[in-house]
Amino acid sequence: MRKRARSRAGSGVPATRDRQRKPEAIFLLGFMGAGKSSVGPSLALQLGWAFEDLDERIERREQRRIHEIFRDSGESVFRAAERAALEELLSEVRAGARRVVALGGGAFVQNENARLIRDAGLATVFLDASVDELWRRCREQAAREGVERPLLSDLSEFRVLYENRRPHYARARFCHATDGKTVAEIVKELAEKIGMPSGKSSSIRSKATVATQGTPKGRERGGKN
C-alpha cells in the first residue's frame, strides 16, 4: 500500500486537499470591452474580496495616467511599471490579501507577466466575446462619453489587435464567453466554474449587461495597454 501511494504521488496527480484548494486571487483578462471592469467588482463583492484594477495601481505608483506614460515615456517604460506593480500586488497576495484583479488588455500578453501569475498558482479567467460584440460595446461607450478613441475608428485594426492577443488570453486557466449575458449571470457562472461560493447579493445588478458597463476606460485612450 505504501509503494502504491508513492507511485501515485510521483505521477503528478494532486492530493485531495490540493484539488480542493481555493484560489487566493482571481485575475480577469481579455480585450477592451470584455467586461473586466464591471464583472470584477461584482465578483469581488460576491466573494467578499477586494477588487483591484492593475492599471489604477500603476497610475498611483507612477503618479500619472496610463496615456501620459505611453505618450511621454513610451511603451517599454509602461511595461516596466506594469511588471513592478504586478510584482507588488503578488507579494500582497502571498501575504494573505484576497483580490479579484482586472488586468490591462496587454498585460497577460507579456510573457513575463503571464509567468509570474502562473508561477504563483493563481486563477486566471479569460472573459471573451465576439469581435463584433466587443466593437459594439466599445463604440456605444465612446458615444455616451462623447470621446474619440483612435482604435475605434477602424474595425479591421481593432480586429487584428484582438486576433493577435486572443491566443495569449486563451492560455488562461478558465475561458468564459460573455456575449449577451448580464453581469449577475457571468458572476454566478464564474463562481461555480472556479469552485467558489455562489451566494446572493442584492448589490449585483441582475439586469445590467456587460454591454453597458464592461467597456474601455479613459486611460486606454492613449495606448494599447
# chains A, B, ... in the order shown; residues from 1 in each chain; ligands from 1
>>> select_by_dssp(residues="stretch 1-188 of chain A", states="alpha helix (DSSP H)", output="CSV table (one decimal) with C-alpha atoms, in the first residue's frame")
chain,number,residue,atom,x,y,z
A,2,ARG,CA,2.8,2.4,0.8
A,3,LYS,CA,4.5,1.7,-2.5
A,4,ARG,CA,1.3,2.3,-4.3
A,5,ALA,CA,0.8,5.6,-2.6
A,6,ARG,CA,4.3,6.7,-3.5
A,7,SER,CA,3.7,5.8,-7.1
A,8,ARG,CA,0.5,7.9,-7.2
A,9,ALA,CA,2.3,10.9,-5.6
A,10,GLY,CA,5.0,10.6,-8.2
A,16,THR,CA,-7.2,15.7,-2.5
A,17,ARG,CA,-6.6,18.8,-0.4
A,18,ASP,CA,-4.7,20.4,-3.4
A,19,ARG,CA,-7.6,19.7,-5.8
A,36,LYS,CA,-13.4,43.2,-16.7
A,37,SER,CA,-14.3,46.5,-15.0
A,38,SER,CA,-17.9,45.5,-14.5
A,39,VAL,CA,-17.7,41.8,-13.7
A,40,GLY,CA,-14.6,42.3,-11.5
A,41,PRO,CA,-16.2,44.4,-8.7
A,42,SER,CA,-19.3,42.3,-8.7
A,43,LEU,CA,-17.4,39.1,-8.5
A,44,ALA,CA,-15.2,40.5,-5.6
A,45,LEU,CA,-18.4,41.5,-3.8
A,46,GLN,CA,-19.8,38.1,-4.2
A,47,LEU,CA,-16.6,36.5,-2.7
A,54,LEU,CA,-3.9,46.8,-12.1
A,55,ASP,CA,-3.8,49.9,-14.3
A,56,GLU,CA,-5.0,52.0,-11.4
A,57,ARG,CA,-2.2,50.7,-9.2
A,58,ILE,CA,0.3,51.7,-11.9
A,59,GLU,CA,-1.2,55.2,-12.0
A,60,ARG,CA,-0.9,55.6,-8.3
A,61,ARG,CA,2.7,54.3,-8.3
A,62,GLU,CA,3.8,56.5,-11.2
A,66,ILE,CA,-1.6,55.5,-18.4
A,67,HIS,CA,-1.9,57.5,-21.6
A,68,GLU,CA,0.7,60.0,-20.2
A,69,ILE,CA,3.2,57.2,-19.6
A,70,PHE,CA,2.7,56.0,-23.2
A,71,ARG,CA,2.9,59.5,-24.6
A,72,ASP,CA,5.8,60.8,-22.5
A,73,SER,CA,7.9,57.7,-21.9
A,75,GLU,CA,5.6,51.5,-24.1
A,76,SER,CA,8.8,50.0,-22.7
A,77,VAL,CA,8.6,52.3,-19.6
A,78,PHE,CA,5.0,51.4,-19.2
A,79,ARG,CA,5.6,47.7,-19.4
A,80,ALA,CA,8.4,48.0,-16.7
A,81,ALA,CA,6.0,49.9,-14.5
A,82,GLU,CA,3.2,47.3,-15.1
A,83,ARG,CA,5.5,44.5,-14.1
A,84,ALA,CA,6.7,46.3,-11.0
A,85,ALA,CA,3.0,46.9,-10.0
A,86,LEU,CA,2.2,43.2,-10.6
A,87,GLU,CA,5.1,42.0,-8.5
A,88,GLU,CA,4.0,44.3,-5.7
A,89,LEU,CA,0.4,43.0,-5.9
A,90,LEU,CA,1.5,39.4,-5.9
A,91,SER,CA,3.6,40.0,-2.8
A,92,GLU,CA,0.5,41.2,-1.1
A,93,VAL,CA,-1.5,38.2,-2.2
A,94,ARG,CA,1.3,35.9,-0.8
A,111,ASN,CA,5.3,36.6,-21.2
A,112,GLU,CA,7.0,37.7,-18.0
A,113,ASN,CA,3.7,38.9,-16.5
A,114,ALA,CA,1.9,35.6,-17.5
A,115,ARG,CA,4.8,33.6,-16.0
A,116,LEU,CA,4.6,35.5,-12.7
A,117,ILE,CA,0.9,34.8,-12.3
A,118,ARG,CA,1.1,31.2,-13.4
A,119,ASP,CA,4.1,30.5,-11.1
A,131,VAL,CA,-15.2,40.9,-32.1
A,132,ASP,CA,-18.4,42.4,-33.3
A,133,GLU,CA,-19.8,42.4,-29.8
A,134,LEU,CA,-16.6,43.9,-28.3
A,135,TRP,CA,-16.6,46.6,-31.1
A,136,ARG,CA,-20.3,47.4,-30.4
A,137,ARG,CA,-19.7,47.7,-26.6
A,138,CYS,CA,-16.7,50.0,-27.1
A,139,ARG,CA,-18.4,52.2,-29.7
A,140,GLU,CA,-21.5,52.6,-27.6
A,141,GLN,CA,-19.4,53.6,-24.5
A,142,ALA,CA,-17.4,56.1,-26.6
A,143,ALA,CA,-20.5,57.6,-27.9
A,144,ARG,CA,-22.0,58.0,-24.4
A,145,GLU,CA,-18.9,59.6,-23.1
A,155,LEU,CA,-12.8,47.9,-37.3
A,156,SER,CA,-10.2,46.0,-39.2
A,157,GLU,CA,-7.4,47.4,-36.9
A,158,PHE,CA,-9.5,46.6,-33.9
A,159,ARG,CA,-10.0,43.0,-35.2
A,160,VAL,CA,-6.3,42.5,-36.0
A,161,LEU,CA,-5.3,43.6,-32.5
A,162,TYR,CA,-7.9,41.3,-30.9
A,163,GLU,CA,-6.8,38.3,-33.0
A,164,ASN,CA,-3.2,38.9,-32.2
A,165,ARG,CA,-3.9,39.0,-28.5
A,166,ARG,CA,-6.5,36.2,-28.2
A,167,PRO,CA,-4.0,33.3,-28.3
A,168,HIS,CA,-2.4,34.8,-25.2
A,169,TYR,CA,-5.7,35.3,-23.4
A,183,VAL,CA,-23.2,40.8,-15.0
A,184,ALA,CA,-25.0,38.7,-12.4
A,185,GLU,CA,-25.2,35.7,-14.8
A,186,ILE,CA,-21.5,35.9,-15.5
A,187,VAL,CA,-20.6,36.3,-11.8
A,188,LYS,CA,-22.7,33.3,-10.9
>>> atom_distance(atom1="atom CA of A:Met196", atom2="atom CA of A:Gln110")
27.8 Å
>>> atom_distance(atom1="atom CA of A:Arg173", atom2="atom CA of A:Thr124")
5.3 Å
>>> select_by_dssp(residues="stretch 49-116 of chain A", states="strand (DSSP E or B)", output="list in words")
Ala50, Phe51, Glu52, Asp53, Arg99, Val100, Val101 and Ala102 of chain A
>>> residues_around(residues="A:Leu28", least_positions_apart="4", cutoff="8 Å", atoms="only C-alpha atoms", output="ChimeraX atom specification")
/A:36,40,100-103,124-127
>>> closest_residue(among="A:Ala191, A:Gly33, A:Glu24, A:Gly105", to="A:Asp53", atoms="only C-alpha atoms")
A:Gly105
>>> closest_residue(among="A:Trp49, A:Ala97, A:Ala123, A:Ala25", to="A:Ala172", atoms="only C-alpha atoms")
A:Ala123
